[in-house]
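Undergrad: This is the content of coords_11.json (JSON, C-alpha atoms):
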[["chain", "number", "residue", "atom", "x", "y", "z"],
["J", 186, "MET", "CA", 126.27, 156.11, 85.63],
["J", 187, "ARG", "CA", 125.34, 157.68, 82.34],
["J", 188, "THR", "CA", 127.90, 159.97, 80.69],
["J", 189, "LYS", "CA", 125.79, 163.08, 81.29],
["J", 190, "ASN", "CA", 125.85, 162.44, 85.06],
["J", 191, "ARG", "CA", 129.58, 162.04, 85.47],
["J", 192, "LEU", "CA", 132.76, 163.96, 84.89],
["J", 193, "VAL", "CA", 134.46, 163.03, 81.63],
["J", 194, "PRO", "CA", 138.23, 163.04, 82.24],
["J", 195, "ARG", "CA", 140.53, 165.11, 80.08],
["J", 196, "PRO", "CA", 143.80, 163.73, 78.72],
["J", 197, "GLY", "CA", 146.25, 163.34, 81.60],
["J", 198, "GLU", "CA", 143.56, 163.92, 84.23],
["J", 199, "VAL", "CA", 143.60, 161.54, 87.19],
["J", 200, "THR", "CA", 140.80, 161.18, 89.75],
["J", 201, "ILE", "CA", 142.04, 161.70, 93.30],
["J", 202, "VAL", "CA", 138.72, 161.47, 95.17],
["J", 203, "ALA", "CA", 135.20, 160.61, 94.06],
["J", 204, "THR", "CA", 132.73, 160.40, 96.94],
["J", 205, "ARG", "CA", 129.08, 160.91, 97.76],
["J", 206, "ALA", "CA", 127.71, 163.15, 100.47],
["J", 207, "HIS", "CA", 127.87, 161.68, 103.96],
["J", 208, "PRO", "CA", 125.23, 158.96, 104.52],
["J", 209, "VAL", "CA", 123.93, 160.91, 107.51],
["J", 210, "ARG", "CA", 121.97, 162.86, 104.86],
["J", 211, "LEU", "CA", 119.71, 159.80, 104.62],
["J", 212, "VAL", "CA", 118.71, 159.91, 108.29],
["J", 213, "GLY", "CA", 116.11, 162.63, 107.69],
["J", 214, "PRO", "CA", 114.38, 160.75, 104.85],
["J", 215, "ALA", "CA", 114.48, 157.54, 106.91],
["J", 216, "VAL", "CA", 112.78, 159.26, 109.88],
["J", 217, "ILE", "CA", 110.17, 160.78, 107.55],
["J", 218, "ALA", "CA", 109.51, 157.34, 106.01],
["J", 219, "TRP", "CA", 109.05, 155.79, 109.46],
["J", 220, "CYS", "CA", 106.71, 158.60, 110.59],
["J", 221, "THR", "CA", 104.75, 158.40, 107.33],
["J", 222, "VAL", "CA", 104.14, 154.67, 107.76],
["J", 223, "LEU", "CA", 103.07, 155.15, 111.39],
["J", 224, "LEU", "CA", 100.76, 158.04, 110.58],
["J", 225, "TYR", "CA", 99.27, 156.24, 107.58],
["J", 226, "SER", "CA", 98.56, 153.14, 109.65],
["J", 227, "ALA", "CA", 97.06, 155.21, 112.48],
["J", 228, "LEU", "CA", 94.81, 157.20, 110.13],
["J", 229, "ARG", "CA", 93.56, 154.10, 108.31],
["J", 230, "ARG", "CA", 92.85, 152.34, 111.61],
["J", 231, "LEU", "CA", 91.16, 155.45, 113.02],
["J", 232, "LEU", "CA", 89.02, 155.76, 109.89],
["J", 233, "ASP", "CA", 87.86, 152.15, 110.24],
["J", 234, "LEU", "CA", 87.22, 152.45, 113.98],
["J", 235, "ILE", "CA", 85.35, 155.76, 113.94],
["J", 236, "TRP", "CA", 83.44, 155.47, 110.70],
["J", 237, "ARG", "CA", 82.63, 152.14, 109.08],
["J", 238, "PRO", "CA", 79.46, 152.55, 106.97],
["J", 239, "TYR", "CA", 77.50, 149.63, 105.52],
["J", 240, "GLU", "CA", 75.11, 151.50, 103.23],
["J", 241, "ALA", "CA", 75.51, 152.41, 99.58],
["J", 242, "PRO", "CA", 76.56, 156.06, 99.20],
["J", 243, "TRP", "CA", 78.63, 156.13, 102.41],
["J", 244, "THR", "CA", 80.74, 153.07, 101.59],
["J", 245, "THR", "CA", 81.92, 154.79, 98.41],
["J", 246, "LEU", "CA", 82.78, 157.92, 100.37],
["J", 247, "HIS", "CA", 84.62, 155.81, 102.97],
["J", 248, "SER", "CA", 86.67, 154.19, 100.19],
["J", 249, "LEU", "CA", 87.39, 157.60, 98.70],
["J", 250, "VAL", "CA", 88.70, 158.94, 102.05],
["J", 251, "GLY", "CA", 90.88, 155.83, 102.34],
["J", 252, "TRP", "CA", 92.31, 156.46, 98.88],
["J", 253, "VAL", "CA", 93.00, 160.12, 99.74],
["J", 254, "ILE", "CA", 94.97, 159.01, 102.81],
["J", 255, "THR", "CA", 96.90, 156.47, 100.73],
["J", 256, "LEU", "CA", 97.69, 158.99, 97.98],
["J", 257, "ALA", "CA", 98.81, 161.57, 100.55],
["J", 258, "ALA", "CA", 101.15, 159.02, 102.14],
["J", 259, "LEU", "CA", 102.55, 158.08, 98.73],
["J", 260, "TRP", "CA", 103.10, 161.75, 97.86],
["J", 261, "VAL", "CA", 104.99, 162.35, 101.13],
["J", 262, "ALA", "CA", 107.08, 159.21, 100.55],
["J", 263, "CYS", "CA", 107.98, 160.26, 97.00],
["J", 264, "ARG", "CA", 108.66, 163.91, 97.80],
["J", 265, "TYR", "CA", 110.48, 163.64, 101.14],
["J", 266, "VAL", "CA", 111.95, 160.11, 101.07],
["J", 267, "LEU", "CA", 112.56, 158.79, 97.56],
["J", 268, "LEU", "CA", 113.56, 162.09, 95.92],
["J", 269, "PRO", "CA", 116.20, 163.02, 98.56],
["J", 270, "ALA", "CA", 117.57, 159.45, 98.51],
["J", 271, "TRP", "CA", 117.74, 159.51, 94.70],
["J", 272, "ARG", "CA", 119.51, 162.90, 94.77],
["J", 273, "TRP", "CA", 121.99, 161.59, 97.35],
["J", 274, "LEU", "CA", 122.68, 158.51, 95.24],
["J", 275, "ARG", "CA", 123.33, 160.52, 92.08],
["J", 276, "THR", "CA", 125.40, 163.35, 93.64],
["J", 277, "VAL", "CA", 129.15, 162.81, 93.62],
["J", 278, "PHE", "CA", 132.00, 165.12, 94.66],
["J", 279, "VAL", "CA", 134.98, 164.60, 92.33],
["J", 280, "LEU", "CA", 138.50, 165.93, 92.79],
["J", 281, "THR", "CA", 141.02, 165.34, 90.01],
["J", 282, "ASN", "CA", 144.53, 166.65, 89.54],
["J", 283, "GLN", "CA", 143.04, 169.39, 87.30],
["J", 284, "ARG", "CA", 139.47, 170.11, 88.47],
["J", 285, "LEU", "CA", 137.02, 170.07, 91.37],
["J", 286, "ALA", "CA", 133.57, 168.91, 90.29],
["J", 287, "LEU", "CA", 130.07, 168.39, 91.57],
["J", 288, "THR", "CA", 128.00, 165.93, 89.56],
["J", 289, "GLY", "CA", 124.34, 165.09, 89.89],
["J", 290, "PRO", "CA", 121.07, 166.93, 90.48],
["J", 291, "PRO", "CA", 122.39, 169.85, 92.58],
["J", 292, "ALA", "CA", 124.52, 170.95, 89.61],
["J", 293, "LYS", "CA", 123.01, 172.67, 86.60],
["J", 294, "ASP", "CA", 123.28, 170.30, 83.60],
["J", 295, "ASN", "CA", 124.32, 167.60, 86.14],
["J", 296, "VAL", "CA", 128.04, 168.53, 86.10],
["J", 297, "VAL", "CA", 129.90, 171.59, 87.37],
["J", 298, "ALA", "CA", 133.69, 171.36, 87.11],
["J", 299, "LEU", "CA", 136.04, 174.22, 87.88],
["J", 300, "PRO", "CA", 139.80, 174.23, 87.17],
["J", 301, "LEU", "CA", 142.10, 174.01, 90.16],
["J", 302, "ASP", "CA", 144.48, 176.60, 88.71],
["J", 303, "ALA", "CA", 141.75, 179.23, 89.36],
["J", 304, "LEU", "CA", 141.29, 178.20, 93.02],
["J", 305, "ARG", "CA", 141.61, 181.07, 95.47],
["J", 306, "SER", "CA", 140.63, 179.41, 98.73],
["J", 307, "ALA", "CA", 139.03, 176.32, 100.19],
["J", 308, "ARG", "CA", 137.60, 175.96, 103.67],
["J", 309, "ALA", "CA", 135.46, 173.61, 105.72],
["J", 310, "VAL", "CA", 132.38, 174.77, 107.62],
["J", 311, "ALA", "CA", 130.97, 172.68, 110.44],
["J", 312, "PRO", "CA", 127.23, 171.94, 110.30],
["J", 313, "THR", "CA", 124.90, 173.96, 112.53],
["J", 314, "GLY", "CA", 121.39, 173.50, 113.83],
["J", 315, "VAL", "CA", 119.51, 170.96, 115.90],
["J", 316, "PHE", "CA", 120.38, 168.02, 113.69],
["J", 317, "ALA", "CA", 124.09, 168.98, 113.82],
["J", 318, "VAL", "CA", 124.05, 168.73, 117.62],
["J", 319, "LEU", "CA", 122.71, 165.18, 117.38],
["J", 320, "THR", "CA", 125.40, 164.19, 114.86],
["J", 321, "ARG", "CA", 128.30, 166.07, 116.44],
["J", 322, "ARG", "CA", 130.67, 163.09, 116.32],
["J", 323, "VAL", "CA", 129.98, 162.36, 112.67],
["J", 324, "ASP", "CA", 132.83, 163.70, 110.55],
["J", 325, "ARG", "CA", 130.91, 165.76, 107.99],
["J", 326, "GLY", "CA", 130.69, 169.39, 106.99],
["J", 327, "THR", "CA", 130.41, 171.76, 104.07],
["J", 328, "VAL", "CA", 133.44, 172.43, 101.90],
["J", 329, "ILE", "CA", 133.41, 175.82, 100.20],
["J", 330, "ALA", "CA", 135.87, 176.35, 97.35],
["J", 331, "ASP", "CA", 136.24, 179.86, 95.92],
["J", 332, "PHE", "CA", 137.34, 180.10, 92.30],
["J", 333, "GLY", "CA", 137.24, 183.88, 92.02],
["J", 334, "ALA", "CA", 135.55, 185.13, 88.84],
["J", 335, "LEU", "CA", 134.49, 181.57, 87.92],
["J", 336, "GLY", "CA", 132.34, 181.31, 91.05],
["J", 337, "GLY", "CA", 132.56, 178.64, 93.68],
["J", 338, "LEU", "CA", 131.54, 175.16, 94.66],
["J", 339, "LYS", "CA", 129.73, 174.23, 97.83],
["J", 340, "LEU", "CA", 130.02, 170.55, 98.74],
["J", 341, "VAL", "CA", 127.28, 170.08, 101.35],
["J", 342, "ALA", "CA", 127.60, 167.20, 103.86],
["J", 343, "CYS", "CA", 131.05, 166.29, 102.59],
["J", 344, "PRO", "CA", 132.56, 163.36, 104.52],
["J", 345, "GLN", "CA", 135.84, 164.25, 106.26],
["J", 346, "PRO", "CA", 135.73, 167.92, 105.24],
["J", 347, "ALA", "CA", 139.14, 168.84, 106.68],
["J", 348, "ALA", "CA", 140.82, 166.05, 104.72],
["J", 349, "MET", "CA", 138.95, 167.11, 101.57],
["J", 350, "VAL", "CA", 140.11, 170.71, 101.97],
["J", 351, "ASP", "CA", 143.71, 169.51, 102.38],
["J", 352, "LEU", "CA", 143.42, 167.34, 99.26],
["J", 353, "ILE", "CA", 141.96, 170.25, 97.28],
["J", 354, "GLN", "CA", 144.77, 172.55, 98.41],
["J", 355, "GLN", "CA", 147.48, 169.98, 97.67],
["J", 356, "SER", "CA", 146.01, 169.25, 94.24],
["J", 357, "ALA", "CA", 145.77, 172.97, 93.43],
["J", 358, "ARG", "CA", 149.43, 173.67, 94.17],
["J", 359, "PRO", "CA", 150.85, 171.89, 91.10],
["J", 360, "ALA", "CA", 147.97, 173.06, 88.91],
["J", 361, "GLY", "CA", 148.36, 176.73, 89.72],
["J", 362, "ASN", "CA", 149.90, 179.12, 92.18],
["J", 363, "TYR", "CA", 147.77, 178.30, 95.19],
["J", 364, "SER", "CA", 148.91, 177.83, 98.75],
["J", 365, "ARG", "CA", 147.34, 178.58, 102.10],
["J", 366, "SER", "CA", 148.77, 182.09, 102.02],
["J", 367, "GLY", "CA", 147.73, 182.65, 98.42],
["J", 368, "MET", "CA", 151.34, 182.45, 97.17],
["J", 369, "SER", "CA", 153.69, 179.68, 96.20],
["J", 370, "THR", "CA", 157.27, 179.36, 95.21],
["J", 371, "SER", "CA", 159.06, 176.66, 93.29],
["J", 372, "PRO", "CA", 162.71, 175.58, 93.33],
["J", 373, "THR", "CA", 163.12, 176.57, 89.63],
["J", 374, "SER", "CA", 162.17, 180.21, 90.11],
["J", 375, "SER", "CA", 162.48, 182.67, 92.94],
["J", 376, "PHE", "CA", 158.92, 183.90, 92.69],
["J", 377, "GLN", "CA", 156.01, 182.49, 90.79],
["J", 378, "GLY", "CA", 152.65, 184.21, 91.00],
["J", 379, "GLY", "CA", 151.17, 185.76, 94.07],
["J", 380, "PRO", "CA", 147.87, 186.79, 95.56],
["J", 381, "ARG", "CA", 145.12, 186.88, 92.95],
["J", 382, "GLY", "CA", 142.78, 189.78, 92.71]]
Would it be possible to restate this file's structure as structure tokens?
TA:
Amino acid sequence: MRTKNRLVPRPGEVTIVATRAHPVRLVGPAVIAWCTVLLYSALRRLLDLIWRPYEAPWTTLHSLVGWVITLAALWVACRYVLLPAWRWLRTVFVLTNQRLALTGPPAKDNVVALPLDALRSARAVAPTGVFAVLTRRVDRGTVIADFGALGGLKLVACPQPAAMVDLIQQSARPAGNYSRSGMSTSPTSSFQGGPRG
């Protein structure tokens, strides 16, 4: 990956997890590709069966209609198959001991990294909708991390979302004062921090 598409580590920063979105995100583009090929083949065959001219101006028009069908199929393949697959390939969720980052096309400037010491909460949201019912047993979901005034990160189709939330919470504890209740204590002091905001 080029430097602009990945998280550049800081001194002392260690990567804990670097993963792509769940591969189930590629099922939609694969189905669209299959349907596009079937529809393209059917339309070309139908065009040849219904209308096959042998005279001068009509053969050119027949060729033009064939090219329109081909260009439409190529546009659908690029827009709804290749582009989503390329976005999936370039998008990476990165958790380090200091930051949570989203790299790739969904992020502005290809990288969004927020410090774990500003983390307020992290939670997993199960997918909903018709497609979610079909993939109920697939361990994927959306991880939403709230960083207060800095904003938040939404990791869509994150594999093993519950485990990712636990890793984010465990990594945030040493970096800041985060715990599930919003407070943490350490053996060296009786009270360190508290609820933020």
Undergrad: Which residues of range 272-340 of chain J come within 9 Å of range 202-220 of chain J, and what is each one's closest atom pair and distance in Å (one decimal), counting all atoms listed in the file, sorted by chain and residue number, as a tab-separated table?
TA:
residue	atom	partner	partner_atom	distance
J:Trp273	CA	J:Ala206	CA	6.7
J:Leu274	CA	J:Arg205	CA	7.3
J:Arg275	CA	J:Arg205	CA	8.1
J:Thr276	CA	J:Arg205	CA	6.0
J:Val277	CA	J:Arg205	CA	4.6
J:Phe278	CA	J:Thr204	CA	5.3
J:Val279	CA	J:Ala203	CA	4.4
J:Leu280	CA	J:Val202	CA	5.1
J:Thr281	CA	J:Val202	CA	6.8
J:Thr320	CA	J:Val209	CA	8.2
J:Val323	CA	J:Val209	CA	8.1
J:Asp324	CA	J:His207	CA	8.5
J:Arg325	CA	J:His207	CA	6.5
J:Gly326	CA	J:His207	CA	8.8
J:Leu340	CA	J:Ala206	CA	7.9
Undergrad: Could you write out the selected residues, including C-alpha atoms, as a compact mmCIF listing (two decimals), keeping the file's coordinate frame?
TA:
# COMPACT_ATOMS: atom_id res chain seq x y z
CA TRP J 273 121.99 161.59 97.35
CA LEU J 274 122.68 158.51 95.24
CA ARG J 275 123.33 160.52 92.08
CA THR J 276 125.40 163.35 93.64
CA VAL J 277 129.15 162.81 93.62
CA PHE J 278 132.00 165.12 94.66
CA VAL J 279 134.98 164.60 92.33
CA LEU J 280 138.50 165.93 92.79
CA THR J 281 141.02 165.34 90.01
CA THR J 320 125.40 164.19 114.86
CA VAL J 323 129.98 162.36 112.67
CA ASP J 324 132.83 163.70 110.55
CA ARG J 325 130.91 165.76 107.99
CA GLY J 326 130.69 169.39 106.99
CA LEU J 340 130.02 170.55 98.74
Undergrad: Expressed in Å to a single decimal, how great is the separation between CA of Asp331 in chain J and CA of Ala307 in chain J?
TA: 6.2 Å
Undergrad: Quick one: residues within 12 Å of range 221-237 of chain J, only C-alpha atoms, excluding same-chain residues fewer than 5 positions away - as a PyMOL selection string?
TA: chain J and resi 214-216+243-266
Undergrad: Any idea what's packed within 12 Å of Ile201 in chain J, counting all atoms listed in the file, ignoring anything in its chain fewer than 4 positions away? Could you give it as a JSON list (two decimals) with C-alpha atoms, keeping the file's coordinate frame?
TA:
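Everything below was put into selection.json:
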[["chain", "number", "residue", "atom", "x", "y", "z"],
["J", 194, "PRO", "CA", 138.23, 163.04, 82.24],
["J", 278, "PHE", "CA", 132.00, 165.12, 94.66],
["J", 279, "VAL", "CA", 134.98, 164.60, 92.33],
["J", 280, "LEU", "CA", 138.50, 165.93, 92.79],
["J", 281, "THR", "CA", 141.02, 165.34, 90.01],
["J", 282, "ASN", "CA", 144.53, 166.65, 89.54],
["J", 283, "GLN", "CA", 143.04, 169.39, 87.30],
["J", 284, "ARG", "CA", 139.47, 170.11, 88.47],
["J", 285, "LEU", "CA", 137.02, 170.07, 91.37],
["J", 286, "ALA", "CA", 133.57, 168.91, 90.29],
["J", 349, "MET", "CA", 138.95, 167.11, 101.57],
["J", 352, "LEU", "CA", 143.42, 167.34, 99.26],
["J", 353, "ILE", "CA", 141.96, 170.25, 97.28],
["J", 355, "GLN", "CA", 147.48, 169.98, 97.67],
["J", 356, "SER", "CA", 146.01, 169.25, 94.24],
["J", 357, "ALA", "CA", 145.77, 172.97, 93.43]]
Undergrad: Which is closer to Asp294 in chain J than all the others in J:Gly333, J:Gly197, J:Arg191, J:Thr327, using all atoms listed in the file?
TA: J:Arg191
Undergrad: Quote the spacing between CA of Lys339 in chain J and CA of Val297 in chain J in Å to one decimal place.
TA: 10.8 Å
Undergrad: Work out how far CA of Pro344 in chain J is from CA of Arg308 in chain J, in Å to one decimal.
TA: 13.6 Å
Undergrad: Which residue, J:Ser306, J:Pro312, J:Leu335, J:Pro238, has the smallest gap to Val350 in chain J when you use all atoms listed in the file?
TA: J:Ser306
Undergrad: Given all atoms listed in the file as the basis, pick out the residue of J:Leu192, J:Ala292, J:Leu267, J:Val199 nearest to Gly337 in chain J.
TA: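 For Gly337 in chain J, the nearest of the given residues is J:Ala292.
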Undergrad: Out of J:Leu287, J:Leu338, J:Ile329, J:Leu301, which residue has the shortest atom-to-atom distance to Gln354 in chain J when counting all atoms listed in the file?
TA: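 Smallest separation from Gln354 in chain J among the options: J:Leu301.
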Undergrad: Point out the residue among J:Ala347, J:Glu240, J:Val328, J:Pro300 with the least atom-to-atom distance to Glu198 in chain J, counting only C-alpha atoms.
TA: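 Between J:Ala347, J:Glu240, J:Val328, J:Pro300, the residue approaching Glu198 in chain J most closely is J:Pro300.
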Undergrad: Using all atoms listed in the file, which of the listed residues (J:Ala241, J:Trp271, J:Pro291, J:Arg358) sits closest to Arg305 in chain J?
TA: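 Checking each candidate against Arg305 in chain J, we get J:Arg358 as the closest.
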Undergrad: Would you compute the box with edges along x, y and z of the file around range 341-345 of chain J, including every atom the file lists for it and 8 Å extra on each side, and give its centre and edge lengths in Å to one decimal, as lines of an AutoDock Vina configuration file?
TA:
center_x = 131.6
center_y = 166.7
center_z = 103.8
size_x = 24.6
size_y = 22.7
size_z = 20.9
